[in-house]
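Peer 1: I'm passing along model30.cif; it holds mmCIF, C-alpha atoms and all ligand atoms.
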data_my_file
loop_
_atom_site.label_atom_id
_atom_site.label_comp_id
_atom_site.auth_asym_id
_atom_site.auth_seq_id
_atom_site.Cartn_x
_atom_site.Cartn_y
_atom_site.Cartn_z
CA MET A 1 91.27 27.82 51.36
CA ARG A 2 90.71 31.02 49.48
CA ARG A 3 92.65 32.90 52.17
CA LYS A 4 95.39 32.18 54.64
CA LEU A 5 93.71 30.94 57.83
CA LEU A 6 96.21 31.46 60.60
CA ARG A 7 98.15 34.35 61.98
CA THR A 8 101.89 34.07 62.53
CA GLY A 9 101.48 33.58 66.27
CA ALA A 10 99.76 30.22 65.71
CA ASP A 11 103.21 28.68 65.07
CA GLU A 12 104.19 29.54 68.65
CA LEU A 13 101.72 27.05 70.10
CA SER A 14 103.77 24.00 70.94
CA TYR A 15 103.71 21.78 74.01
CA GLU A 16 106.65 19.42 74.07
CA ILE A 17 105.49 18.01 77.44
CA ARG A 18 102.80 16.21 75.46
CA GLY A 19 104.71 16.25 72.12
CA ILE A 20 107.27 13.81 73.47
CA VAL A 21 104.41 11.41 74.22
CA LYS A 22 103.90 10.75 70.49
CA LYS A 23 107.52 9.64 70.22
CA ALA A 24 107.30 7.58 73.42
CA GLU A 25 104.17 5.84 72.13
CA LEU A 26 106.04 4.75 68.99
CA VAL A 27 108.86 3.43 71.18
CA ALA A 28 106.30 1.63 73.38
CA ASN A 29 104.64 0.08 70.30
CA ALA A 30 108.05 -1.24 69.30
CA GLY A 31 108.25 -3.15 72.58
CA GLN A 32 110.01 -0.83 75.08
CA ASP A 33 108.40 -0.29 78.52
CA ILE A 34 108.09 3.42 79.31
CA SER A 35 108.46 5.29 82.57
CA TRP A 36 106.54 8.53 82.07
CA GLU A 37 108.51 11.40 83.59
CA ASN A 38 107.19 14.03 81.22
CA ILE A 39 103.97 15.37 82.71
CA GLY A 40 103.05 16.86 86.10
CA ASP A 41 99.94 14.76 86.65
CA PRO A 42 100.13 13.22 90.13
CA ILE A 43 97.22 10.90 89.34
CA GLN A 44 99.06 9.41 86.35
CA LYS A 45 101.96 8.73 88.74
CA HIS A 46 99.75 6.72 91.11
CA ALA A 47 98.76 9.43 93.64
CA SER A 48 95.34 8.78 95.13
CA VAL A 49 92.86 11.39 96.29
CA PRO A 50 92.00 10.89 100.01
CA GLN A 51 88.69 9.11 100.61
CA TRP A 52 87.26 12.03 102.64
CA ILE A 53 87.74 14.33 99.61
CA LYS A 54 86.07 11.77 97.37
CA ASP A 55 83.16 11.66 99.88
CA ILE A 56 82.72 15.45 99.65
CA ILE A 57 82.61 15.20 95.87
CA SER A 58 80.18 12.24 95.98
CA ASP A 59 77.85 14.19 98.29
CA LEU A 60 77.91 17.18 95.96
CA SER A 61 77.13 14.95 93.02
CA GLN A 62 73.85 14.01 94.76
CA GLN A 63 72.61 17.61 94.87
CA ASP A 64 70.63 18.99 91.95
CA ARG A 65 72.14 22.50 92.22
CA THR A 66 75.56 21.05 91.35
CA TYR A 67 74.34 20.45 87.82
CA GLY A 68 73.38 24.02 86.91
CA TYR A 69 75.47 26.91 85.64
CA CYS A 70 77.01 29.13 88.28
CA HIS A 71 77.72 32.87 88.42
CA SER A 72 80.00 33.78 85.53
CA LYS A 73 82.74 34.82 87.98
CA GLY A 74 82.34 31.61 89.97
CA VAL A 75 80.25 30.37 92.91
CA LEU A 76 79.81 33.31 95.31
CA GLU A 77 80.32 31.38 98.60
CA THR A 78 83.54 29.94 97.21
CA ARG A 79 84.86 33.33 96.13
CA GLU A 80 83.94 34.70 99.57
CA PHE A 81 85.75 31.80 101.21
CA LEU A 82 88.88 32.34 99.08
CA ALA A 83 88.83 36.12 99.64
CA LYS A 84 88.70 35.53 103.41
CA LYS A 85 91.62 33.09 103.22
CA ASN A 86 93.55 35.65 101.18
CA ASN A 87 92.84 38.39 103.72
CA GLU A 88 94.01 36.22 106.60
CA LEU A 89 97.52 36.41 105.09
CA GLY A 90 97.51 40.05 106.21
CA GLY A 91 98.68 41.49 102.86
CA VAL A 92 96.61 43.18 100.15
CA GLN A 93 92.91 42.73 100.97
CA ILE A 94 90.36 41.64 98.36
CA THR A 95 86.66 40.79 98.15
CA ALA A 96 84.80 38.05 96.30
CA GLU A 97 84.49 40.52 93.40
CA ASP A 98 88.27 40.34 92.86
CA ILE A 99 88.20 36.60 92.15
CA LEU A 100 87.42 35.01 88.79
CA PHE A 101 87.13 31.28 88.12
CA PHE A 102 88.39 29.50 85.00
CA ASN A 103 88.31 26.00 83.56
CA GLY A 104 91.75 25.23 84.93
CA LEU A 105 94.67 27.65 84.91
CA GLY A 106 95.32 26.67 81.29
CA ASP A 107 92.10 28.53 80.44
CA ALA A 108 93.06 31.53 82.60
CA ILE A 109 96.50 31.74 81.01
CA ALA A 110 95.11 31.59 77.46
CA LYS A 111 92.64 34.41 78.21
CA ILE A 112 95.03 36.71 80.09
CA TYR A 113 97.35 37.09 77.08
CA GLN A 114 94.71 36.84 74.37
CA PHE A 115 93.18 40.30 74.82
CA LEU A 116 96.38 42.30 75.19
CA VAL A 117 97.37 44.36 72.15
CA PRO A 118 100.06 42.39 70.26
CA THR A 119 102.73 44.96 71.13
CA ALA A 120 102.08 44.70 74.90
CA ARG A 121 104.50 42.05 76.12
CA ILE A 122 104.74 40.08 79.35
CA ILE A 123 108.28 39.00 80.15
CA GLY A 124 108.45 35.52 81.67
CA PRO A 125 111.09 33.12 82.97
CA SER A 126 113.40 30.99 80.83
CA PRO A 127 113.33 28.00 81.06
CA ALA A 128 109.63 28.70 80.58
CA TYR A 129 106.52 26.74 81.41
CA SER A 130 105.24 26.52 77.85
CA THR A 131 101.54 27.15 78.52
CA HIS A 132 102.50 30.72 79.47
CA SER A 133 105.27 31.31 76.94
CA SER A 134 103.33 29.85 73.98
CA ALA A 135 100.16 31.79 74.76
CA GLU A 136 102.07 35.03 75.29
CA ALA A 137 104.06 34.55 72.08
CA ALA A 138 100.94 33.62 70.10
CA HIS A 139 99.18 36.85 71.14
CA ALA A 140 102.22 38.90 70.08
CA ASN A 141 102.86 37.07 66.78
CA ASP A 142 106.45 36.81 67.92
CA HIS A 143 108.84 34.73 70.04
CA PRO A 144 108.46 34.92 73.82
CA VAL A 145 110.27 37.66 75.73
CA THR A 146 112.13 36.02 78.60
CA TYR A 147 114.41 36.63 81.57
CA ASN A 148 116.96 34.07 82.66
CA LEU A 149 116.71 31.74 85.62
CA ASP A 150 120.25 30.96 86.67
CA PRO A 151 121.19 27.30 87.29
CA GLY A 152 124.46 28.53 88.83
CA ASN A 153 122.53 30.48 91.48
CA ASN A 154 119.86 28.02 92.70
CA TRP A 155 117.78 28.77 89.62
CA TYR A 156 116.95 32.23 91.01
CA PRO A 157 115.98 34.86 88.43
CA ASP A 158 118.83 36.97 87.07
CA MET A 159 117.52 40.32 88.33
CA ASP A 160 120.00 42.39 86.27
CA ASP A 161 118.85 40.60 83.13
CA ILE A 162 115.21 41.44 83.94
CA TYR A 163 116.01 45.04 84.79
CA GLN A 164 117.93 45.64 81.56
CA LYS A 165 115.30 43.96 79.39
CA VAL A 166 112.45 45.87 81.02
CA LYS A 167 114.35 49.15 80.84
CA TYR A 168 115.22 48.88 77.15
CA ASN A 169 112.02 47.26 75.86
CA SER A 170 109.17 49.68 76.42
CA ASN A 171 106.69 47.13 75.04
CA ILE A 172 107.00 45.15 78.26
CA VAL A 173 103.89 45.84 80.37
CA GLY A 174 104.09 43.01 82.85
CA ILE A 175 106.32 40.40 84.49
CA LEU A 176 105.37 36.77 85.02
CA ILE A 177 106.67 35.03 88.15
CA ILE A 178 106.14 31.30 88.66
CA ASN A 179 106.68 30.55 92.34
CA PRO A 180 107.37 27.73 93.17
CA ASP A 181 108.65 27.25 89.66
CA ASN A 182 107.91 24.75 86.95
CA PRO A 183 110.30 23.43 85.50
CA THR A 184 113.06 24.16 88.05
CA GLY A 185 111.37 23.30 91.36
CA MET A 186 112.75 26.45 92.93
CA VAL A 187 111.07 28.62 95.58
CA TYR A 188 112.04 32.30 95.61
CA PRO A 189 113.19 34.15 98.72
CA ARG A 190 111.33 37.28 99.72
CA GLU A 191 114.16 39.64 98.60
CA VAL A 192 113.88 38.30 95.04
CA LEU A 193 110.12 38.82 95.02
CA GLU A 194 110.46 42.33 96.43
CA ARG A 195 112.90 43.18 93.65
CA PHE A 196 110.27 42.18 91.08
CA VAL A 197 107.88 44.61 92.75
CA GLU A 198 110.46 47.42 92.71
CA ILE A 199 111.04 46.92 88.98
CA ALA A 200 107.30 46.80 88.30
CA ARG A 201 106.80 49.99 90.30
CA GLU A 202 109.66 51.81 88.58
CA PHE A 203 108.42 51.02 85.06
CA ASN A 204 104.69 51.05 85.75
CA LEU A 205 104.11 47.35 85.04
CA PHE A 206 101.77 44.75 86.50
CA LEU A 207 102.80 41.39 87.92
CA ILE A 208 101.37 37.95 87.25
CA SER A 209 102.23 35.34 89.85
CA ASP A 210 101.44 31.74 88.94
CA GLU A 211 101.11 30.14 92.38
CA ILE A 212 99.65 26.78 91.44
CA TYR A 213 102.43 25.12 93.52
CA ILE A 214 102.31 27.57 96.46
CA ASN A 215 101.33 24.84 98.93
CA ILE A 216 103.89 22.37 97.60
CA THR A 217 107.14 23.18 99.39
CA TYR A 218 109.60 21.04 101.34
CA ASN A 219 113.18 20.95 102.64
CA GLY A 220 112.25 23.82 104.95
CA ALA A 221 111.26 26.22 102.15
CA GLU A 222 108.32 28.61 102.46
CA ALA A 223 106.64 30.22 99.45
CA TRP A 224 105.37 33.82 99.63
CA SER A 225 102.10 34.60 97.92
CA LEU A 226 101.67 37.77 95.78
CA PRO A 227 99.41 39.71 98.23
CA GLU A 228 102.08 39.33 100.91
CA TYR A 229 104.69 41.31 98.98
CA ILE A 230 103.07 43.22 96.09
CA GLY A 231 102.21 46.37 98.10
CA ASP A 232 100.41 48.89 95.87
CA VAL A 233 101.44 47.46 92.48
CA PRO A 234 98.65 45.95 90.31
CA GLY A 235 98.84 42.19 89.93
CA ILE A 236 97.13 38.87 89.30
CA ALA A 237 97.75 35.70 91.31
CA LEU A 238 96.79 32.37 89.75
CA LYS A 239 95.84 29.30 91.72
CA GLY A 240 94.16 25.96 90.98
CA LEU A 241 93.20 22.50 92.20
CA SER A 242 95.25 20.39 89.79
CA LYS A 243 98.41 19.89 91.79
CA GLU A 244 97.65 19.95 95.50
CA VAL A 245 94.31 18.13 95.85
CA PRO A 246 95.41 16.68 93.35
CA TRP A 247 92.57 17.02 90.85
CA PRO A 248 93.88 18.00 87.40
CA GLY A 249 90.76 16.60 85.74
CA SER A 250 88.58 19.11 87.63
CA ARG A 251 89.76 21.82 85.21
CA CYS A 252 89.39 24.38 87.95
CA GLY A 253 91.60 27.40 88.56
CA TRP A 254 91.09 31.00 89.64
CA ALA A 255 92.64 34.44 89.34
CA LYS A 256 92.81 36.98 92.16
CA PHE A 257 93.11 40.62 91.11
CA TYR A 258 95.10 43.00 93.34
CA ASN A 259 95.07 46.80 93.30
CA ARG A 260 92.96 46.83 90.16
CA LYS A 261 91.75 50.37 90.81
CA LYS A 262 95.33 51.67 90.93
CA ASP A 263 95.60 51.66 87.14
CA VAL A 264 92.87 52.24 84.55
CA GLU A 265 94.41 49.99 81.88
CA PHE A 266 94.93 47.15 84.36
CA ASP A 267 91.37 47.51 85.62
CA LYS A 268 90.16 47.25 82.01
CA LEU A 269 92.14 44.04 81.56
CA CYS A 270 90.43 42.54 84.67
CA THR A 271 87.01 43.63 83.38
CA THR A 272 87.75 42.15 79.95
CA LEU A 273 88.59 38.80 81.54
CA GLU A 274 85.33 38.93 83.49
CA ASN A 275 83.43 39.75 80.30
CA ALA A 276 85.13 36.91 78.43
CA LYS A 277 83.89 34.51 81.11
CA MET A 278 80.43 36.03 80.94
CA ILE A 279 80.25 35.29 77.21
CA GLU A 280 81.22 31.71 77.99
CA VAL A 281 78.57 31.63 80.80
CA SER A 282 80.63 30.03 83.60
CA SER A 283 83.43 27.66 84.57
CA THR A 284 83.17 24.11 85.98
CA LYS A 285 80.90 24.23 89.03
CA LEU A 286 81.37 20.96 90.96
CA PRO A 287 85.02 21.61 91.92
CA GLN A 288 84.13 25.17 92.97
CA LEU A 289 81.44 23.87 95.30
CA ALA A 290 83.96 21.43 96.77
CA ILE A 291 86.67 24.05 97.50
CA PRO A 292 85.37 25.47 100.83
CA LYS A 293 84.42 22.00 102.05
CA ILE A 294 87.85 20.55 101.23
CA MET A 295 90.00 23.48 102.28
CA SER A 296 88.25 24.22 105.57
CA ASP A 297 88.50 20.60 106.69
CA PRO A 298 91.32 20.16 109.26
CA ARG A 299 92.40 17.04 107.36
CA TYR A 300 93.38 19.20 104.36
CA GLN A 301 96.39 20.76 106.07
CA LEU A 302 97.53 17.29 107.19
CA HIS A 303 97.07 16.02 103.65
CA LEU A 304 99.25 18.84 102.26
CA GLU A 305 101.90 18.25 104.92
CA GLU A 306 102.01 14.54 104.16
CA ASN A 307 102.29 15.18 100.41
CA ASN A 308 105.10 17.65 100.98
CA ARG A 309 106.92 15.22 103.25
CA LYS A 310 106.74 12.57 100.52
CA ILE A 311 107.89 14.88 97.73
CA GLY A 312 110.71 16.22 99.92
CA GLU A 313 111.88 12.66 100.53
CA LYS A 314 111.82 11.94 96.80
CA SER A 315 113.75 15.14 96.07
CA ARG A 316 116.45 14.05 98.54
CA ARG A 317 116.55 10.52 97.09
CA ILE A 318 116.92 11.85 93.55
CA SER A 319 119.58 14.26 94.73
CA GLU A 320 121.57 11.36 96.20
CA ILE A 321 121.46 9.51 92.88
CA LEU A 322 122.21 12.40 90.52
CA LYS A 323 124.12 15.09 92.38
CA ASP A 324 127.61 13.80 91.62
CA VAL A 325 127.24 12.99 87.94
CA GLU A 326 130.09 14.70 86.11
CA GLY A 327 129.12 17.07 83.32
CA VAL A 328 125.72 18.09 84.65
CA HIS A 329 124.47 20.87 86.86
CA PHE A 330 122.11 19.55 89.51
CA ASN A 331 120.18 21.80 91.92
CA PRO A 332 118.21 20.10 94.70
CA THR A 333 114.61 21.37 94.61
CA ASN A 334 112.47 23.00 97.33
CA GLY A 335 109.04 23.21 95.77
CA ALA A 336 106.65 21.94 93.08
CA PHE A 337 107.54 18.48 91.78
CA TYR A 338 110.01 18.91 88.96
CA ASN A 339 113.75 19.07 88.66
CA THR A 340 115.66 20.46 85.71
CA ILE A 341 119.07 18.96 85.12
CA ILE A 342 121.40 20.99 82.92
CA PHE A 343 124.34 19.77 80.86
CA LYS A 344 127.47 21.83 81.47
CA LYS A 345 128.76 23.81 78.47
CA GLY A 346 130.67 21.73 75.95
CA VAL A 347 129.84 18.26 77.29
CA LEU A 348 127.33 17.39 74.56
CA ASN A 349 128.14 16.60 70.96
CA GLY A 350 126.39 15.12 67.96
CA ASN A 351 128.25 11.78 68.14
CA GLN A 352 127.00 10.67 71.53
CA LYS A 353 124.82 7.58 71.67
CA LEU A 354 123.37 5.04 74.04
CA GLU A 355 123.21 1.39 73.17
CA ILE A 356 119.69 0.44 72.09
CA LYS A 357 119.22 -3.32 71.92
CA ASN A 358 115.75 -3.33 70.33
CA GLU A 359 116.45 -2.92 66.60
CA LYS A 360 113.12 -1.28 65.75
CA VAL A 361 113.53 1.25 68.56
CA ARG A 362 117.11 1.94 67.49
CA GLU A 363 115.97 2.67 63.93
CA LEU A 364 113.29 5.04 65.21
CA VAL A 365 115.68 6.95 67.47
CA GLU A 366 118.37 7.15 64.78
CA SER A 367 115.86 8.59 62.32
CA TRP A 368 114.74 11.23 64.85
CA VAL A 369 118.23 12.37 65.81
CA SER A 370 119.40 12.61 62.21
CA VAL A 371 117.22 15.63 61.39
CA PRO A 372 119.24 18.81 60.74
CA ASP A 373 119.72 21.18 63.71
CA MET A 374 118.58 18.60 66.24
CA PRO A 375 119.07 20.28 69.66
CA LEU A 376 121.74 18.37 71.58
CA ASP A 377 119.57 17.92 74.68
CA LYS A 378 116.72 16.54 72.57
CA ARG A 379 119.17 14.03 71.10
CA PHE A 380 119.97 12.82 74.63
CA VAL A 381 116.27 12.70 75.52
CA TYR A 382 115.52 10.50 72.48
CA TYR A 383 118.40 8.16 73.31
CA LEU A 384 117.27 7.97 76.95
CA LEU A 385 113.79 7.08 75.74
CA GLY A 386 115.00 4.43 73.31
CA ALA A 387 117.71 2.86 75.47
CA LYS A 388 116.17 3.04 78.95
CA GLY A 389 112.48 3.72 78.32
CA VAL A 390 112.50 6.92 80.41
CA CYS A 391 110.40 9.74 78.95
CA VAL A 392 111.59 13.24 80.00
CA VAL A 393 111.26 16.66 78.35
CA PRO A 394 114.23 18.52 76.80
CA ILE A 395 114.83 21.96 78.30
CA SER A 396 115.50 23.52 74.89
CA SER A 397 111.75 23.22 74.33
CA PHE A 398 111.08 25.40 77.42
CA CYS A 399 112.28 28.56 75.55
CA SER A 400 115.80 28.14 76.84
CA ASP A 401 119.29 28.32 75.35
CA LEU A 402 120.42 25.84 77.98
CA ASN A 403 120.68 22.12 77.28
CA GLY A 404 119.09 19.81 79.79
CA PHE A 405 115.93 17.99 80.65
CA ARG A 406 113.06 18.10 83.13
CA VAL A 407 112.06 15.17 85.31
CA THR A 408 109.13 14.89 87.71
CA LEU A 409 109.30 13.90 91.37
CA LEU A 410 105.91 12.28 91.32
CA GLU A 411 106.34 8.52 91.19
CA GLU A 412 104.62 7.14 94.30
CA ASP A 413 106.17 3.69 94.03
CA THR A 414 109.59 4.22 95.63
CA ASP A 415 111.19 1.14 93.99
CA GLN A 416 110.06 2.35 90.59
CA LEU A 417 111.31 5.88 91.37
CA GLU A 418 114.71 4.51 92.39
CA GLU A 419 114.90 2.35 89.24
CA THR A 420 113.97 5.24 86.93
CA PHE A 421 116.54 7.62 88.40
CA ARG A 422 119.24 4.92 88.39
CA LYS A 423 118.51 4.51 84.68
CA ILE A 424 118.85 8.27 84.17
CA HIS A 425 122.10 8.21 86.14
CA ASP A 426 123.53 5.33 84.07
CA ALA A 427 122.38 6.91 80.81
CA LEU A 428 124.10 10.21 81.69
CA VAL A 429 127.36 8.52 82.64
CA GLU A 430 127.39 6.35 79.49
CA TYR A 431 126.34 9.16 77.15
CA LEU A 432 128.77 11.76 78.46
CA GLU A 433 131.74 9.40 78.13
CA VAL A 434 131.67 9.79 74.35
CA VAL A 435 133.99 12.62 73.34
CA PRO A 436 133.80 14.16 69.86
CA GLU A 437 136.11 12.57 67.28
CA ASN A 438 138.04 15.79 66.70
CA ALA A 439 138.43 16.67 70.42
C1 LIG A 501 103.06 26.62 86.48
C2 LIG A 501 101.79 26.02 85.99
N1 LIG A 501 100.72 26.81 85.77
C3 LIG A 501 99.57 26.32 85.31
C4 LIG A 501 99.41 24.98 85.04
C5 LIG A 501 98.10 24.52 84.46
O1 LIG A 501 97.28 24.04 85.44
P1 LIG A 501 95.77 23.62 85.19
O2 LIG A 501 95.71 22.14 85.35
O3 LIG A 501 95.00 24.35 86.25
O4 LIG A 501 95.39 24.06 83.80
C6 LIG A 501 100.48 24.10 85.26
C7 LIG A 501 100.36 22.67 84.93
O5 LIG A 501 101.30 21.92 84.91
C8 LIG A 501 101.70 24.63 85.74
O6 LIG A 501 102.77 23.86 85.96
#
Give the structure from the file, written as structure tokens.
Ligand SMILES: Cc1ncc(COP(=O)(O)O)c(C=O)c1O
Peer 2:
Amino acid sequence: MRRKLLRTGADELSYEIRGIVKKAELVANAGQDISWENIGDPIQKHASVPQWIKDIISDLSQQDRTYGYCHSKGVLETREFLAKKNNELGGVQITAEDILFFNGLGDAIAKIYQFLVPTARIIGPSPAYSTHSSAEAAHANDHPVTYNLDPGNNWYPDMDDIYQKVKYNSNIVGILIINPDNPTGMVYPREVLERFVEIAREFNLFLISDEIYINITYNGAEAWSLPEYIGDVPGIALKGLSKEVPWPGSRCGWAKFYNRKKDVEFDKLCTTLENAKMIEVSSTKLPQLAIPKIMSDPRYQLHLEENNRKIGEKSRRISEILKDVEGVHFNPTNGAFYNTIIFKKGVLNGNQKLEIKNEKVRELVESWVSVPDMPLDKRFVYYLLGAKGVCVVPISSFCSDLNGFRVTLLEEDTDQLEETFRKIHDALVEYLEVVPENA
């Protein structure tokens, strides 16, 4: 090319959740069966959409209007329905005009960061869900700016860390909260959320709350939604259909804008997002038409409750298997469907191995782990993949200095779930037994 094509930020776009799949496919081609614990797609893990929801979608597919474009902000009746549901929470009130539909939250996330000036930074959690951190970093042509989630304190955010970073980095204009969180599966208490609001108010920031898992809680936990605690601070809540219906293939998500008139710059950001959608014409229409029909059906609440009961049971089962493994930090989860298991400081070294019987697979894994500066958690993840056929994601690729890995709590087949987590248990015990030669 006669000129350089890409800006520096393009290097920040990485998605290890899918990246690990390329490695796992090579291992599978060499003859190892794989248990996919890398991606949060309930459908891939054998969840089925209830028949009554499929009937609603079939009916809509018979109507001609389903096939047209819709309003660039989204179908009006659906936005009215969602605004009413929001207002029933009793917090900050909105109208249909404050809601904007996207082609999945992935689309919303990409657009929210894209139009900010590169020096305006949004601080987000670490470990980070990479769709946010990569998009934010790409817009800024720099590494993500993060605050720590603390595995020693139920994975709650380290509020002093946030406060100090916000105070001394005047480029920070907003704070991202993911509640319930991916990848830790934690649900934040109200006091924590109120502290975010206090910090935002003190430094004149806006909040983004990714609430895609808000209806996925268990073990007695309850998740608070942004309008219930944000008060008069400007903010955006993000919600979608992928996880709870579950319908990830719908590519349907929406943003709700709160207190947009309280700040001119924030209002301009909301208008820019609306304009960006207008240029694109509109987002996917069929799932939008289905939303009021699905969510106002009394069976929907029962469906959510049943899903949560099942995930809660799996979280307890996994806890039983993994909680006592020496050398790792295990927090039982209360929401979403992931768990992040952290290696304690000093337990990993570059000599650890698992026995891999398949010669081809062993050669592959040995070639991957021999690259210079291989993160120690990634080394474990590759050995786990090669030796036991379990595909998980290393936490070092979630913008974190911690070493660990993320699993999902999605497998519907309980025997298979048990077998997979037994394999993880055995792999951890075997791997962590190897002490460094010079210890
Ligand atoms: C926290 C979080 N936000 C957003 C998304 C993206 O969702 P969507 O399927 O709507 O693009 C995910 C998907 O895993 C997620 O975990």
Peer 1: Can you tell me which residues surround A:Thr284 at a distance of at most 12 Å, considering only C-alpha atoms, apart from same-chain residues fewer than 4 positions away, and format the answer as a compact mmCIF listing (two decimals) with C-alpha atoms, keeping the file's coordinate frame?
Peer 2:
# COMPACT_ATOMS: atom_id res chain seq x y z
CA THR A 66 75.56 21.05 91.35
CA TYR A 67 74.34 20.45 87.82
CA GLY A 68 73.38 24.02 86.91
CA TYR A 69 75.47 26.91 85.64
CA CYS A 70 77.01 29.13 88.28
CA HIS A 71 77.72 32.87 88.42
CA SER A 72 80.00 33.78 85.53
CA LYS A 73 82.74 34.82 87.98
CA GLY A 74 82.34 31.61 89.97
CA VAL A 75 80.25 30.37 92.91
CA PHE A 101 87.13 31.28 88.12
CA PHE A 102 88.39 29.50 85.00
CA ASN A 103 88.31 26.00 83.56
CA GLY A 104 91.75 25.23 84.93
CA ASP A 107 92.10 28.53 80.44
CA LEU A 241 93.20 22.50 92.20
CA GLY A 249 90.76 16.60 85.74
CA SER A 250 88.58 19.11 87.63
CA ARG A 251 89.76 21.82 85.21
CA CYS A 252 89.39 24.38 87.95
CA GLY A 253 91.60 27.40 88.56
CA TRP A 254 91.09 31.00 89.64
CA LYS A 277 83.89 34.51 81.11
CA GLU A 280 81.22 31.71 77.99
CA GLN A 288 84.13 25.17 92.97
CA LEU A 289 81.44 23.87 95.30
CA ALA A 290 83.96 21.43 96.77
Peer 1: Any idea what's packed within 8 Å of A:Pro394, counting all atoms listed in the file, ignoring anything in its chain fewer than 5 positions away? Could you give it as a list of chain:residue names?
Peer 2: A:Asp377, A:Lys378, A:Val381, A:Asn403, A:Gly404, A:Phe405, A:Arg406
Peer 1: With all atoms listed in the file counted, which protein, DNA or RNA residues have an atom no more than 10 Å from (100.3, 16.1, 86.7) in the file frame? Please answer as JSON, numbers by chain.
Peer 2: {"A": [37, 38, 39, 40, 41, 42, 43, 44, 45, 47, 242, 243, 244, 246, 247, 248, 249, 337, 408, 410]}
Peer 1: Take the residues that were just selected and, keeping C-alpha atoms, output them as a PDB file, in the frame of the given file.
Peer 2:
ATOM      1  CA  GLU A  37     108.510  11.400  83.590  1.00  0.00           C
ATOM      2  CA  ASN A  38     107.190  14.030  81.220  1.00  0.00           C
ATOM      3  CA  ILE A  39     103.970  15.370  82.710  1.00  0.00           C
ATOM      4  CA  GLY A  40     103.050  16.860  86.100  1.00  0.00           C
ATOM      5  CA  ASP A  41      99.940  14.760  86.650  1.00  0.00           C
ATOM      6  CA  PRO A  42     100.130  13.220  90.130  1.00  0.00           C
ATOM      7  CA  ILE A  43      97.220  10.900  89.340  1.00  0.00           C
ATOM      8  CA  GLN A  44      99.060   9.410  86.350  1.00  0.00           C
ATOM      9  CA  LYS A  45     101.960   8.730  88.740  1.00  0.00           C
ATOM     10  CA  ALA A  47      98.760   9.430  93.640  1.00  0.00           C
ATOM     11  CA  SER A 242      95.250  20.390  89.790  1.00  0.00           C
ATOM     12  CA  LYS A 243      98.410  19.890  91.790  1.00  0.00           C
ATOM     13  CA  GLU A 244      97.650  19.950  95.500  1.00  0.00           C
ATOM     14  CA  PRO A 246      95.410  16.680  93.350  1.00  0.00           C
ATOM     15  CA  TRP A 247      92.570  17.020  90.850  1.00  0.00           C
ATOM     16  CA  PRO A 248      93.880  18.000  87.400  1.00  0.00           C
ATOM     17  CA  GLY A 249      90.760  16.600  85.740  1.00  0.00           C
ATOM     18  CA  PHE A 337     107.540  18.480  91.780  1.00  0.00           C
ATOM     19  CA  THR A 408     109.130  14.890  87.710  1.00  0.00           C
ATOM     20  CA  LEU A 410     105.910  12.280  91.320  1.00  0.00           C
TER      21      LEU A 410
END
Peer 1: Can you tell me, as AutoDock Vina command-line options, the centre and edge lengths (Å, one decimal) of the axis-aligned box enclosing all of ligand LIG 501 (chain A)'s listed atoms after padding each side by 5 Å?
Peer 2:
--center_x 99.0 --center_y 24.4 --center_z 85.1 --size_x 18.1 --size_y 14.9 --size_z 12.7
Peer 1: If we count all atoms listed in the file, what is near A:Asn141 at a cut-off of 8 Å, once residues fewer than 5 positions away on the same chain are taken out, given as a PDB file with C-alpha atoms, in the coordinates of the input?
Peer 2:
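Written out: part-v7.pdb:
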ATOM      1  CA  ARG A   7      98.150  34.350  61.980  1.00  0.00           C
ATOM      2  CA  THR A   8     101.890  34.070  62.530  1.00  0.00           C
ATOM      3  CA  GLY A   9     101.480  33.580  66.270  1.00  0.00           C
ATOM      4  CA  ALA A  10      99.760  30.220  65.710  1.00  0.00           C
ATOM      5  CA  GLU A  12     104.190  29.540  68.650  1.00  0.00           C
ATOM      6  CA  PRO A 118     100.060  42.390  70.260  1.00  0.00           C
TER       7      PRO A 118
END
